[in-house]
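Asks: Enclosed is the structure file start_34.pdb (PDB, C-alpha atoms).
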```pdb
ATOM      1  CA  MET A  65     -21.943  -5.851 -19.465
ATOM      2  CA  ARG A  66     -19.799  -4.295 -16.792
ATOM      3  CA  GLY A  67     -18.866  -5.500 -13.353
ATOM      4  CA  ARG A  68     -16.002  -5.608 -10.925
ATOM      5  CA  ARG A  69     -13.058  -7.606 -12.175
ATOM      6  CA  LYS A  70     -11.359  -7.887  -8.836
ATOM      7  CA  ALA A  71     -10.618 -11.445  -7.783
ATOM      8  CA  SER A  72     -13.697 -12.830  -6.091
ATOM      9  CA  ALA A  73     -13.832 -14.935  -2.941
ATOM     10  CA  GLY A  74     -17.355 -15.967  -3.935
ATOM     11  CA  PRO A  75     -18.841 -19.395  -4.560
ATOM     12  CA  LEU A  76     -18.229 -19.621  -8.316
ATOM     13  CA  PRO A  77     -14.931 -21.006  -9.632
ATOM     14  CA  GLN A  78     -13.141 -19.244 -12.443
ATOM     15  CA  ARG A  79     -14.278 -19.912 -15.983
ATOM     16  CA  ASP A  80     -11.574 -19.970 -18.668
ATOM     17  CA  GLY A  81      -9.240 -18.329 -16.162
ATOM     18  CA  ILE A  82     -11.608 -15.410 -15.512
ATOM     19  CA  ASP A  83     -13.166 -14.580 -12.149
ATOM     20  CA  ALA A  84     -16.893 -14.339 -11.685
ATOM     21  CA  VAL A  85     -18.323 -10.819 -11.489
ATOM     22  CA  ARG A  86     -19.338  -9.726  -7.987
ATOM     23  CA  VAL A  87     -22.425  -7.504  -7.626
ATOM     24  CA  ARG A  88     -23.488  -5.905  -4.345
ATOM     25  CA  LEU A  89     -27.020  -4.505  -4.301
ATOM     26  CA  PRO A  90     -26.917  -0.824  -3.297
ATOM     27  CA  GLU A  91     -29.133   1.101  -0.915
ATOM     28  CA  ASP A  92     -32.533   1.948  -2.419
ATOM     29  CA  PRO A  93     -34.060   4.755  -0.338
ATOM     30  CA  GLY A  94     -36.571   5.600  -3.066
ATOM     31  CA  GLY A  95     -37.848   2.058  -3.415
ATOM     32  CA  ALA A  96     -37.049   1.847  -7.127
ATOM     33  CA  TRP A  97     -36.719  -1.948  -7.126
ATOM     34  CA  SER A  98     -39.132  -4.324  -5.444
ATOM     35  CA  THR A  99     -37.288  -7.491  -6.491
ATOM     36  CA  VAL A 100     -33.729  -8.559  -7.152
ATOM     37  CA  GLY A 101     -34.653  -9.228 -10.775
ATOM     38  CA  GLU A 102     -35.846  -5.651 -11.300
ATOM     39  CA  TYR A 103     -32.506  -4.331 -10.107
ATOM     40  CA  LEU A 104     -30.493  -6.688 -12.318
ATOM     41  CA  VAL A 105     -32.533  -5.688 -15.372
ATOM     42  CA  ALA A 106     -31.988  -2.016 -14.531
ATOM     43  CA  ARG A 107     -28.260  -2.619 -13.992
ATOM     44  CA  PHE A 108     -27.458  -4.807 -16.995
ATOM     45  CA  GLY A 109     -30.450  -4.615 -19.348
ATOM     46  CA  GLY A 110     -29.085  -1.622 -21.214
ATOM     47  CA  ALA A 111     -25.965  -3.553 -22.154
ATOM     48  CA  ILE A 112     -27.332  -7.018 -22.969
ATOM     49  CA  GLY A 113     -31.101  -6.585 -23.010
ATOM     50  CA  ALA A 114     -33.776  -7.343 -20.428
ATOM     51  CA  GLU A 115     -34.599 -10.667 -22.086
ATOM     52  CA  ARG A 116     -31.008 -11.857 -21.746
ATOM     53  CA  VAL A 117     -30.919 -10.908 -18.051
ATOM     54  CA  ALA A 118     -34.194 -12.803 -17.522
ATOM     55  CA  ALA A 119     -32.776 -15.845 -19.322
ATOM     56  CA  MET A 120     -29.685 -15.799 -17.121
ATOM     57  CA  LEU A 121     -31.890 -15.661 -14.020
ATOM     58  CA  ASP A 122     -33.984 -18.557 -15.280
ATOM     59  CA  ALA A 123     -30.834 -20.572 -15.913
ATOM     60  CA  GLY A 124     -29.515 -19.954 -12.395
ATOM     61  CA  ARG A 125     -26.560 -17.950 -13.650
ATOM     62  CA  PHE A 126     -26.764 -15.481 -10.739
ATOM     63  CA  VAL A 127     -25.906 -17.023  -7.379
ATOM     64  CA  GLY A 128     -25.748 -15.835  -3.799
ATOM     65  CA  ALA A 129     -23.647 -16.972  -0.873
ATOM     66  CA  GLY A 130     -23.182 -20.711  -0.887
ATOM     67  CA  GLY A 131     -23.793 -20.895  -4.624
ATOM     68  CA  VAL A 132     -27.573 -20.868  -4.286
ATOM     69  CA  PRO A 133     -29.171 -19.593  -7.541
ATOM     70  CA  VAL A 134     -31.177 -16.367  -7.396
ATOM     71  CA  ARG A 135     -34.165 -16.483  -9.735
ATOM     72  CA  GLY A 136     -35.097 -12.801  -9.600
ATOM     73  CA  GLY A 137     -38.389 -12.856  -7.753
ATOM     74  CA  GLU A 138     -36.771 -12.497  -4.336
ATOM     75  CA  PRO A 139     -37.530  -9.225  -2.475
ATOM     76  CA  TYR A 140     -34.919  -6.549  -2.999
ATOM     77  CA  ALA A 141     -32.377  -6.477  -0.154
ATOM     78  CA  ALA A 142     -29.693  -3.804  -0.055
ATOM     79  CA  GLY A 143     -26.284  -5.271   0.668
ATOM     80  CA  LEU A 144     -27.049  -8.653  -0.869
ATOM     81  CA  THR A 145     -24.030  -9.957  -2.812
ATOM     82  CA  LEU A 146     -24.394 -11.943  -6.019
ATOM     83  CA  TRP A 147     -21.935 -13.521  -8.426
ATOM     84  CA  PHE A 148     -22.213 -14.469 -12.095
ATOM     85  CA  HIS A 149     -20.064 -15.212 -15.112
ATOM     86  CA  ARG A 150     -20.204 -12.924 -18.100
ATOM     87  CA  ASP A 151     -20.726 -14.272 -21.592
ATOM     88  CA  PHE A 152     -17.456 -14.041 -23.497
ATOM     89  CA  ALA A 153     -17.396 -13.194 -27.177
ATOM     90  CA  ALA A 154     -15.366 -15.517 -29.385
ATOM     91  CA  GLU A 155     -11.705 -14.478 -29.525
ATOM     92  CA  GLU A 156      -9.093 -15.356 -32.097
ATOM     93  CA  PRO A 157      -6.441 -17.439 -30.307
ATOM     94  CA  VAL A 158      -2.966 -15.915 -30.176
ATOM     95  CA  PRO A 159      -0.905 -18.721 -31.757
ATOM     96  CA  PHE A 160       2.174 -18.331 -29.565
ATOM     97  CA  PRO A 161       2.976 -19.891 -26.178
ATOM     98  CA  VAL A 162       3.465 -18.003 -22.929
ATOM     99  CA  GLY A 163       6.940 -18.987 -21.781
ATOM    100  CA  ILE A 164       7.909 -19.438 -18.140
ATOM    101  CA  VAL A 165      11.242 -17.864 -17.185
ATOM    102  CA  TYR A 166      10.945 -18.488 -13.436
ATOM    103  CA  ARG A 167       8.457 -19.957 -10.995
ATOM    104  CA  ASP A 168       8.334 -20.472  -7.238
ATOM    105  CA  ALA A 169       5.723 -20.332  -4.464
ATOM    106  CA  HIS A 170       5.565 -16.530  -4.708
ATOM    107  CA  LEU A 171       6.272 -15.512  -8.308
ATOM    108  CA  VAL A 172       5.799 -16.519 -11.907
ATOM    109  CA  VAL A 173       7.920 -14.612 -14.411
ATOM    110  CA  ALA A 174       6.471 -15.109 -17.880
ATOM    111  CA  ASP A 175       7.723 -14.407 -21.378
ATOM    112  CA  LYS A 176       4.609 -12.893 -22.928
ATOM    113  CA  PRO A 177       4.406 -13.195 -26.706
ATOM    114  CA  HIS A 178       3.532 -10.366 -29.056
ATOM    115  CA  PHE A 179      -0.223  -9.756 -29.600
ATOM    116  CA  LEU A 180      -1.281 -11.156 -26.206
ATOM    117  CA  ALA A 181      -2.774  -8.695 -23.695
ATOM    118  CA  THR A 182      -1.572  -8.981 -20.108
ATOM    119  CA  THR A 183      -4.993  -8.627 -18.446
ATOM    120  CA  PRO A 184      -8.625  -8.721 -19.609
ATOM    121  CA  ARG A 185      -9.709  -5.506 -21.281
ATOM    122  CA  GLY A 186     -12.028  -4.597 -24.135
ATOM    123  CA  ARG A 187     -12.337  -7.441 -26.619
ATOM    124  CA  HIS A 188      -9.413  -9.383 -25.113
ATOM    125  CA  ILE A 189     -10.663 -11.450 -22.166
ATOM    126  CA  THR A 190      -9.785 -15.141 -22.261
ATOM    127  CA  GLN A 191      -6.934 -14.577 -24.727
ATOM    128  CA  THR A 192      -4.799 -12.785 -22.152
ATOM    129  CA  ALA A 193      -1.612 -13.783 -20.389
ATOM    130  CA  VAL A 194      -3.164 -13.939 -16.926
ATOM    131  CA  ALA A 195      -6.127 -16.064 -18.048
ATOM    132  CA  ARG A 196      -3.954 -18.455 -20.030
ATOM    133  CA  LEU A 197      -1.438 -18.890 -17.221
ATOM    134  CA  ARG A 198      -4.162 -19.521 -14.653
ATOM    135  CA  ARG A 199      -5.497 -22.303 -16.855
ATOM    136  CA  GLU A 200      -2.157 -23.766 -17.915
ATOM    137  CA  LEU A 201      -0.492 -23.643 -14.489
ATOM    138  CA  GLY A 202      -3.589 -24.377 -12.439
ATOM    139  CA  VAL A 203      -3.056 -21.283 -10.277
ATOM    140  CA  PRO A 204      -6.378 -19.386 -10.102
ATOM    141  CA  SER A 205      -4.962 -16.829  -7.651
ATOM    142  CA  LEU A 206      -2.345 -15.588 -10.143
ATOM    143  CA  GLN A 207      -2.308 -11.803 -10.664
ATOM    144  CA  PRO A 208       0.074  -9.503 -12.587
ATOM    145  CA  ALA A 209       2.199  -7.031 -10.631
ATOM    146  CA  HIS A 210       2.337  -4.733 -13.682
ATOM    147  CA  ARG A 211       1.193  -4.630 -17.291
ATOM    148  CA  LEU A 212       2.988  -4.932 -20.577
ATOM    149  CA  ASP A 213       1.454  -3.495 -23.734
ATOM    150  CA  ARG A 214      -0.390  -6.065 -25.840
ATOM    151  CA  LEU A 215       1.864  -5.654 -28.876
ATOM    152  CA  THR A 216       5.086  -5.758 -26.836
ATOM    153  CA  ALA A 217       6.683  -9.110 -26.006
ATOM    154  CA  GLY A 218       8.767 -10.070 -23.021
ATOM    155  CA  LEU A 219       8.886 -10.282 -19.258
ATOM    156  CA  VAL A 220       5.823  -9.902 -17.057
ATOM    157  CA  LEU A 221       5.904 -10.513 -13.311
ATOM    158  CA  PHE A 222       2.937 -12.391 -11.822
ATOM    159  CA  VAL A 223       2.234 -12.881  -8.115
ATOM    160  CA  VAL A 224       0.924 -16.200  -6.785
ATOM    161  CA  ARG A 225      -0.332 -15.085  -3.365
ATOM    162  CA  PRO A 226      -2.929 -12.287  -3.322
ATOM    163  CA  GLU A 227      -1.684 -10.949   0.010
ATOM    164  CA  GLU A 228       1.762 -10.302  -1.516
ATOM    165  CA  ARG A 229       0.623  -8.584  -4.691
ATOM    166  CA  GLY A 230       0.644  -5.092  -3.179
ATOM    167  CA  ALA A 231       4.301  -5.359  -2.197
ATOM    168  CA  TYR A 232       5.347  -6.171  -5.761
ATOM    169  CA  GLN A 233       3.045  -3.567  -7.294
ATOM    170  CA  THR A 234       4.627  -0.970  -5.015
ATOM    171  CA  LEU A 235       8.033  -1.747  -6.544
ATOM    172  CA  PHE A 236       6.765  -0.742  -9.976
ATOM    173  CA  ARG A 237       4.814   2.248  -8.648
ATOM    174  CA  ASP A 238       7.861   3.599  -6.823
ATOM    175  CA  ARG A 239      10.192   2.935  -9.783
ATOM    176  CA  LEU A 240      12.285   0.430  -7.859
ATOM    177  CA  VAL A 241      12.390  -2.007 -10.780
ATOM    178  CA  ARG A 242      15.036  -1.570 -13.464
ATOM    179  CA  LYS A 243      13.407  -2.408 -16.780
ATOM    180  CA  GLU A 244      15.418  -2.814 -19.948
ATOM    181  CA  TYR A 245      13.907  -3.195 -23.406
ATOM    182  CA  GLU A 246      15.256  -4.067 -26.819
ATOM    183  CA  ALA A 247      13.939  -2.635 -30.087
ATOM    184  CA  VAL A 248      14.670  -2.847 -33.790
ATOM    185  CA  ALA A 249      14.175   0.386 -35.724
ATOM    186  CA  PRO A 250      15.729   2.269 -38.644
ATOM    187  CA  TYR A 251      19.373   3.245 -38.257
ATOM    188  CA  ASP A 252      20.141   6.945 -38.629
ATOM    189  CA  PRO A 253      23.897   7.675 -38.597
ATOM    190  CA  GLU A 254      23.106  11.347 -37.918
ATOM    191  CA  LEU A 255      21.246  10.557 -34.690
ATOM    192  CA  ALA A 256      23.571  11.123 -31.755
ATOM    193  CA  LEU A 257      23.258   8.313 -29.228
ATOM    194  CA  PRO A 258      23.163   7.459 -26.390
ATOM    195  CA  ARG A 259      20.786  10.096 -25.116
ATOM    196  CA  THR A 260      18.052  10.583 -22.558
ATOM    197  CA  VAL A 261      14.674  11.635 -23.932
ATOM    198  CA  ARG A 262      12.271  13.574 -21.703
ATOM    199  CA  SER A 263       8.863  14.821 -22.814
ATOM    200  CA  ARG A 264       5.261  15.290 -21.779
ATOM    201  CA  ILE A 265       3.126  12.409 -23.095
ATOM    202  CA  VAL A 266      -0.673  12.570 -23.137
ATOM    203  CA  LYS A 267      -2.898   9.545 -23.816
ATOM    204  CA  GLU A 268      -6.638  10.202 -24.145
ATOM    205  CA  ARG A 269      -9.216   7.493 -23.515
ATOM    206  CA  GLY A 270     -10.632   6.250 -26.811
ATOM    207  CA  VAL A 271      -7.703   7.591 -28.858
ATOM    208  CA  LEU A 272      -5.336   4.868 -30.021
ATOM    209  CA  ALA A 273      -2.108   6.863 -30.194
ATOM    210  CA  ALA A 274      -0.534   8.958 -27.466
ATOM    211  CA  ARG A 275       0.987  12.326 -28.277
ATOM    212  CA  GLU A 276       3.657  14.682 -26.964
ATOM    213  CA  GLU A 277       2.694  18.137 -25.751
ATOM    214  CA  PRO A 278       4.610  21.172 -24.518
ATOM    215  CA  GLY A 279       4.915  21.359 -20.768
ATOM    216  CA  GLU A 280       6.560  19.727 -17.786
ATOM    217  CA  PRO A 281       7.998  16.332 -18.827
ATOM    218  CA  ASN A 282       6.260  13.298 -17.342
ATOM    219  CA  SER A 283       8.307  10.640 -19.147
ATOM    220  CA  GLU A 284      11.961   9.735 -19.445
ATOM    221  CA  SER A 285      13.759   7.094 -21.543
ATOM    222  CA  ARG A 286      17.403   6.266 -22.100
ATOM    223  CA  VAL A 287      18.102   5.269 -25.725
ATOM    224  CA  GLU A 288      21.308   3.474 -26.743
ATOM    225  CA  LEU A 289      22.407   1.994 -30.061
ATOM    226  CA  VAL A 290      23.756  -1.541 -29.628
ATOM    227  CA  ALA A 291      24.471  -2.428 -33.258
ATOM    228  CA  ALA A 292      23.594  -1.449 -36.828
ATOM    229  CA  ARG A 293      23.343  -3.427 -40.046
ATOM    230  CA  GLY A 294      21.320  -3.379 -43.236
ATOM    231  CA  GLY A 295      19.768  -0.004 -42.507
ATOM    232  CA  LEU A 296      18.402  -1.183 -39.148
ATOM    233  CA  GLY A 297      19.551  -0.534 -35.625
ATOM    234  CA  ARG A 298      19.289  -2.668 -32.522
ATOM    235  CA  TYR A 299      18.537  -0.423 -29.565
ATOM    236  CA  ARG A 300      18.646  -0.749 -25.806
ATOM    237  CA  LEU A 301      15.852   1.247 -24.162
ATOM    238  CA  VAL A 302      15.757   1.947 -20.428
ATOM    239  CA  PRO A 303      12.617   3.762 -19.262
ATOM    240  CA  ALA A 304      12.728   5.685 -15.990
ATOM    241  CA  THR A 305       8.950   6.204 -16.113
ATOM    242  CA  GLY A 306       6.051   4.145 -17.397
ATOM    243  CA  ARG A 307       3.715   6.250 -19.528
ATOM    244  CA  THR A 308       1.477   4.477 -22.043
ATOM    245  CA  HIS A 309       3.409   3.770 -25.283
ATOM    246  CA  GLN A 310       6.341   5.760 -23.886
ATOM    247  CA  LEU A 311       9.154   3.970 -25.717
ATOM    248  CA  ARG A 312       7.219   3.890 -28.964
ATOM    249  CA  VAL A 313       6.487   7.621 -28.725
ATOM    250  CA  HIS A 314      10.082   8.515 -27.891
ATOM    251  CA  MET A 315      11.576   6.416 -30.675
ATOM    252  CA  ASN A 316       9.153   7.951 -33.150
ATOM    253  CA  ALA A 317      10.048  11.439 -31.915
ATOM    254  CA  LEU A 318      13.718  10.671 -32.601
ATOM    255  CA  GLY A 319      12.840   9.841 -36.203
ATOM    256  CA  VAL A 320      13.422   6.092 -35.808
ATOM    257  CA  PRO A 321       9.983   4.555 -35.162
ATOM    258  CA  ILE A 322      10.060   0.958 -33.981
ATOM    259  CA  ARG A 323       9.699  -1.503 -36.823
ATOM    260  CA  HIS A 324       6.149  -2.744 -37.553
ATOM    261  CA  ASP A 325       4.545  -0.220 -35.196
ATOM    262  CA  PRO A 326       0.875   0.141 -36.253
ATOM    263  CA  LEU A 327       0.438   3.496 -34.475
ATOM    264  CA  TYR A 328       3.633   5.507 -34.837
ATOM    265  CA  PRO A 329       4.166   7.486 -36.977
ATOM    266  CA  VAL A 330       0.888   6.577 -38.766
ATOM    267  CA  VAL A 331      -2.152   4.917 -37.227
ATOM    268  CA  ALA A 332      -3.021   1.845 -39.298
ATOM    269  CA  PRO A 333      -6.669   1.347 -40.358
ATOM    270  CA  GLU A 334      -8.753  -0.531 -37.806
ATOM    271  CA  GLY A 335     -10.333  -3.882 -38.582
ATOM    272  CA  ALA A 336      -7.417  -5.218 -40.602
ATOM    273  CA  GLY A 337      -6.844  -8.121 -38.204
ATOM    274  CA  GLU A 338      -3.575  -9.335 -36.749
ATOM    275  CA  ASP A 339      -0.546  -9.883 -38.953
ATOM    276  CA  TRP A 340       1.265 -12.585 -36.991
ATOM    277  CA  ASP A 341       4.312 -12.264 -39.267
ATOM    278  CA  ARG A 342       4.859  -8.567 -38.481
ATOM    279  CA  PRO A 343       5.045  -8.192 -34.698
ATOM    280  CA  LEU A 344       6.065  -4.905 -33.155
ATOM    281  CA  GLN A 345       9.833  -5.132 -32.728
ATOM    282  CA  LEU A 346       9.861  -4.261 -29.042
ATOM    283  CA  LEU A 347      10.849  -6.672 -26.282
ATOM    284  CA  ALA A 348      10.925  -6.319 -22.491
ATOM    285  CA  ARG A 349      14.344  -7.918 -22.099
ATOM    286  CA  ARG A 350      15.308  -7.573 -18.405
ATOM    287  CA  LEU A 351      13.768  -6.997 -14.977
ATOM    288  CA  GLU A 352      15.906  -6.298 -11.905
ATOM    289  CA  PHE A 353      14.750  -5.524  -8.358
ATOM    290  CA  THR A 354      15.152  -6.408  -4.701
ATOM    291  CA  ASP A 355      12.451  -8.884  -3.737
ATOM    292  CA  PRO A 356      10.167  -7.218  -1.147
ATOM    293  CA  VAL A 357       9.250 -10.592   0.390
ATOM    294  CA  SER A 358      12.583 -12.417   0.555
ATOM    295  CA  GLY A 359      14.956  -9.431   0.403
ATOM    296  CA  GLU A 360      16.958 -11.181  -2.320
ATOM    297  CA  PRO A 361      18.229  -9.452  -5.477
ATOM    298  CA  ARG A 362      16.278 -10.610  -8.535
ATOM    299  CA  ARG A 363      17.361 -10.499 -12.168
ATOM    300  CA  PHE A 364      15.371 -12.041 -14.995
ATOM    301  CA  VAL A 365      16.212 -12.136 -18.714
ATOM    302  CA  SER A 366      13.790 -12.909 -21.539
ATOM    303  CA  GLY A 367      14.453 -15.903 -23.731
ATOM    304  CA  LEU A 368      12.634 -14.342 -26.697
ATOM    305  CA  ARG A 369      14.287 -12.751 -29.742
ATOM    306  CA  LEU A 370      13.110 -10.062 -32.121
ATOM    307  CA  SER A 371      12.449 -11.508 -35.564
ATOM    308  CA  ALA A 372      13.787  -8.466 -37.436
ATOM    309  CA  TRP A 373      17.204  -9.009 -35.820
ATOM    310  CA  PRO A 374      18.031 -12.709 -36.088
ATOM    311  CA  GLU A 375      20.956 -13.945 -34.057
ATOM    312  CA  GLY A 376      24.007 -15.450 -35.617
TER     313      GLY A 376
END
```
Let me see the file written as structure tokens.
Replies:
Amino acid sequence: MRGRRKASAGPLPQRDGIDAVRVRLPEDPGGAWSTVGEYLVARFGGAIGAERVAAMLDAGRFVGAGGVPVRGGEPYAAGLTLWFHRDFAAEEPVPFPVGIVYRDAHLVVADKPHFLATTPRGRHITQTAVARLRRELGVPSLQPAHRLDRLTAGLVLFVVRPEERGAYQTLFRDRLVRKEYEAVAPYDPELALPRTVRSRIVKERGVLAAREEPGEPNSESRVELVAARGGLGRYRLVPATGRTHQLRVHMNALGVPIRHDPLYPVVAPEGAGEDWDRPLQLLARRLEFTDPVSGEPRRFVSGLRLSAWPEG
């Protein structure tokens, strides 16, 4: 059941940290729908069934301005705006907390754990960092300024005030944020480091793993070896670009795939479930930028550690 996920200024409060879906009835020059209910069945019946749409209407799940329920028999009116909450499938809770590195009236900098998606997508809706933080902090307006891969842990910047979100997103879009990652991967004494890796990365919708192709590079990562012991290396990774799975692809291309990576070099079978004891050994360690609202220099450091490289 699809709908706009943009934060809604409508009459329904969030449910489990998720905004209500906003639906605006389109123009109907051909007169296809005589009632609001007919349109909603046409719009959503293919996904959840006409009977389910009818049941939601009967239960007052669709509301108009002021929170007044729409029952479906009302005459169709182009431009009418409705809101409703989707039904969420049961999700396995991610058994790790979302840490708070910094918080003020403008920003929340979180330490996202492994396995937790940043924003709702696919089968991960309520078990996401933004939904959990909205509930735990009581800040329904909270929105991420960027995204961190679900299997990667570490720093994510969230914006408290919706009117300021664009300014922080622009920092990431224009590459004005210095991001530093840490990874644990095999140690290869023959691999000359540090080095800068540039390649063309392609990620197709519906395909789990990205791939490198010949052509103009669209990704760049700096790879440095920090330490080596027991056949493993601790690496500092500094991406200049932000392609999907970029660091994982580049480390795999160097012959040192990140430890416990379920996609590189081999895609693990689907449906195996999460192995909480084998998280991807990749951590977003630092974020540095000039705050676009205050003008102050900002530097944040994750408090998390990679389990394959214990301190001490």
Asks: Apply the PyMOL selection byres ((chain A and resi 250-258) around 12) to the file shown and report the selected residues as JSON, numbers by chain.
Replies: {"A": [247, 248, 249, 259, 260, 261, 285, 286, 287, 288, 289, 290, 291, 292, 293, 294, 295, 296, 297, 298, 299, 300, 301, 302, 315, 316, 317, 318, 319, 320, 321, 322, 323, 324, 325, 345, 372, 373]}
Asks: Please produce a file of the residues just selected, as a PDB file, in the coordinates of the input, where the atoms kept are C-alpha atoms.
Replies:
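See result_17.pdb below for the written result:
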```pdb
ATOM      1  CA  ALA A 247      13.939  -2.635 -30.087  1.00  0.00           C
ATOM      2  CA  VAL A 248      14.670  -2.847 -33.790  1.00  0.00           C
ATOM      3  CA  ALA A 249      14.175   0.386 -35.724  1.00  0.00           C
ATOM      4  CA  ARG A 259      20.786  10.096 -25.116  1.00  0.00           C
ATOM      5  CA  THR A 260      18.052  10.583 -22.558  1.00  0.00           C
ATOM      6  CA  VAL A 261      14.674  11.635 -23.932  1.00  0.00           C
ATOM      7  CA  SER A 285      13.759   7.094 -21.543  1.00  0.00           C
ATOM      8  CA  ARG A 286      17.403   6.266 -22.100  1.00  0.00           C
ATOM      9  CA  VAL A 287      18.102   5.269 -25.725  1.00  0.00           C
ATOM     10  CA  GLU A 288      21.308   3.474 -26.743  1.00  0.00           C
ATOM     11  CA  LEU A 289      22.407   1.994 -30.061  1.00  0.00           C
ATOM     12  CA  VAL A 290      23.756  -1.541 -29.628  1.00  0.00           C
ATOM     13  CA  ALA A 291      24.471  -2.428 -33.258  1.00  0.00           C
ATOM     14  CA  ALA A 292      23.594  -1.449 -36.828  1.00  0.00           C
ATOM     15  CA  ARG A 293      23.343  -3.427 -40.046  1.00  0.00           C
ATOM     16  CA  GLY A 294      21.320  -3.379 -43.236  1.00  0.00           C
ATOM     17  CA  GLY A 295      19.768  -0.004 -42.507  1.00  0.00           C
ATOM     18  CA  LEU A 296      18.402  -1.183 -39.148  1.00  0.00           C
ATOM     19  CA  GLY A 297      19.551  -0.534 -35.625  1.00  0.00           C
ATOM     20  CA  ARG A 298      19.289  -2.668 -32.522  1.00  0.00           C
ATOM     21  CA  TYR A 299      18.537  -0.423 -29.565  1.00  0.00           C
ATOM     22  CA  ARG A 300      18.646  -0.749 -25.806  1.00  0.00           C
ATOM     23  CA  LEU A 301      15.852   1.247 -24.162  1.00  0.00           C
ATOM     24  CA  VAL A 302      15.757   1.947 -20.428  1.00  0.00           C
ATOM     25  CA  MET A 315      11.576   6.416 -30.675  1.00  0.00           C
ATOM     26  CA  ASN A 316       9.153   7.951 -33.150  1.00  0.00           C
ATOM     27  CA  ALA A 317      10.048  11.439 -31.915  1.00  0.00           C
ATOM     28  CA  LEU A 318      13.718  10.671 -32.601  1.00  0.00           C
ATOM     29  CA  GLY A 319      12.840   9.841 -36.203  1.00  0.00           C
ATOM     30  CA  VAL A 320      13.422   6.092 -35.808  1.00  0.00           C
ATOM     31  CA  PRO A 321       9.983   4.555 -35.162  1.00  0.00           C
ATOM     32  CA  ILE A 322      10.060   0.958 -33.981  1.00  0.00           C
ATOM     33  CA  ARG A 323       9.699  -1.503 -36.823  1.00  0.00           C
ATOM     34  CA  HIS A 324       6.149  -2.744 -37.553  1.00  0.00           C
ATOM     35  CA  ASP A 325       4.545  -0.220 -35.196  1.00  0.00           C
ATOM     36  CA  GLN A 345       9.833  -5.132 -32.728  1.00  0.00           C
ATOM     37  CA  ALA A 372      13.787  -8.466 -37.436  1.00  0.00           C
ATOM     38  CA  TRP A 373      17.204  -9.009 -35.820  1.00  0.00           C
TER      39      TRP A 373
END
```
Asks: Skip Leu221 of chain A itself and residues of its chain fewer than 4 positions away, then list as a list of chain:residue names all residues within 8 Å of it, counting all atoms listed in the file.
Replies: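 After dropping sequence-adjacent residues, the list is A:Leu171, A:Val172, A:Val173, A:Ala174, A:Pro208, A:Ala209, A:His210.
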Asks: Using atom CA of Ala106 of chain A and atom CA of Ala153 of chain A as the two end points, give the distance in Å to one decimal.
Replies: 22.3 Å
Asks: Pick the closest to Gln78 of chain A from A:Val220, A:Val203, A:Ala118, A:Leu104: which is it, counting all atoms listed in the file?
Replies: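 Among the listed residues, A:Val203 lies closest to Gln78 of chain A.
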Asks: When the PyMOL selection byres ((chain A and resi 217) around 6) is applied to the file above, which residues end up in the set, as a list in words?
Replies: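 That selection, the PyMOL selection byres ((chain A and resi 217) around 6), comes back as Lys176, Pro177, His178, Thr216, Gly218 and Leu347 of chain A.
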Asks: Take the selection from the previous step and output its residues with C-alpha atoms, as a tab-separated table (two decimals), in the frame of the given file.
Replies:
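Written file, part_30.tsv:
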```tsv
chain	number	residue	atom	x	y	z
A	176	LYS	CA	4.61	-12.89	-22.93
A	177	PRO	CA	4.41	-13.20	-26.71
A	178	HIS	CA	3.53	-10.37	-29.06
A	216	THR	CA	5.09	-5.76	-26.84
A	218	GLY	CA	8.77	-10.07	-23.02
A	347	LEU	CA	10.85	-6.67	-26.28
```
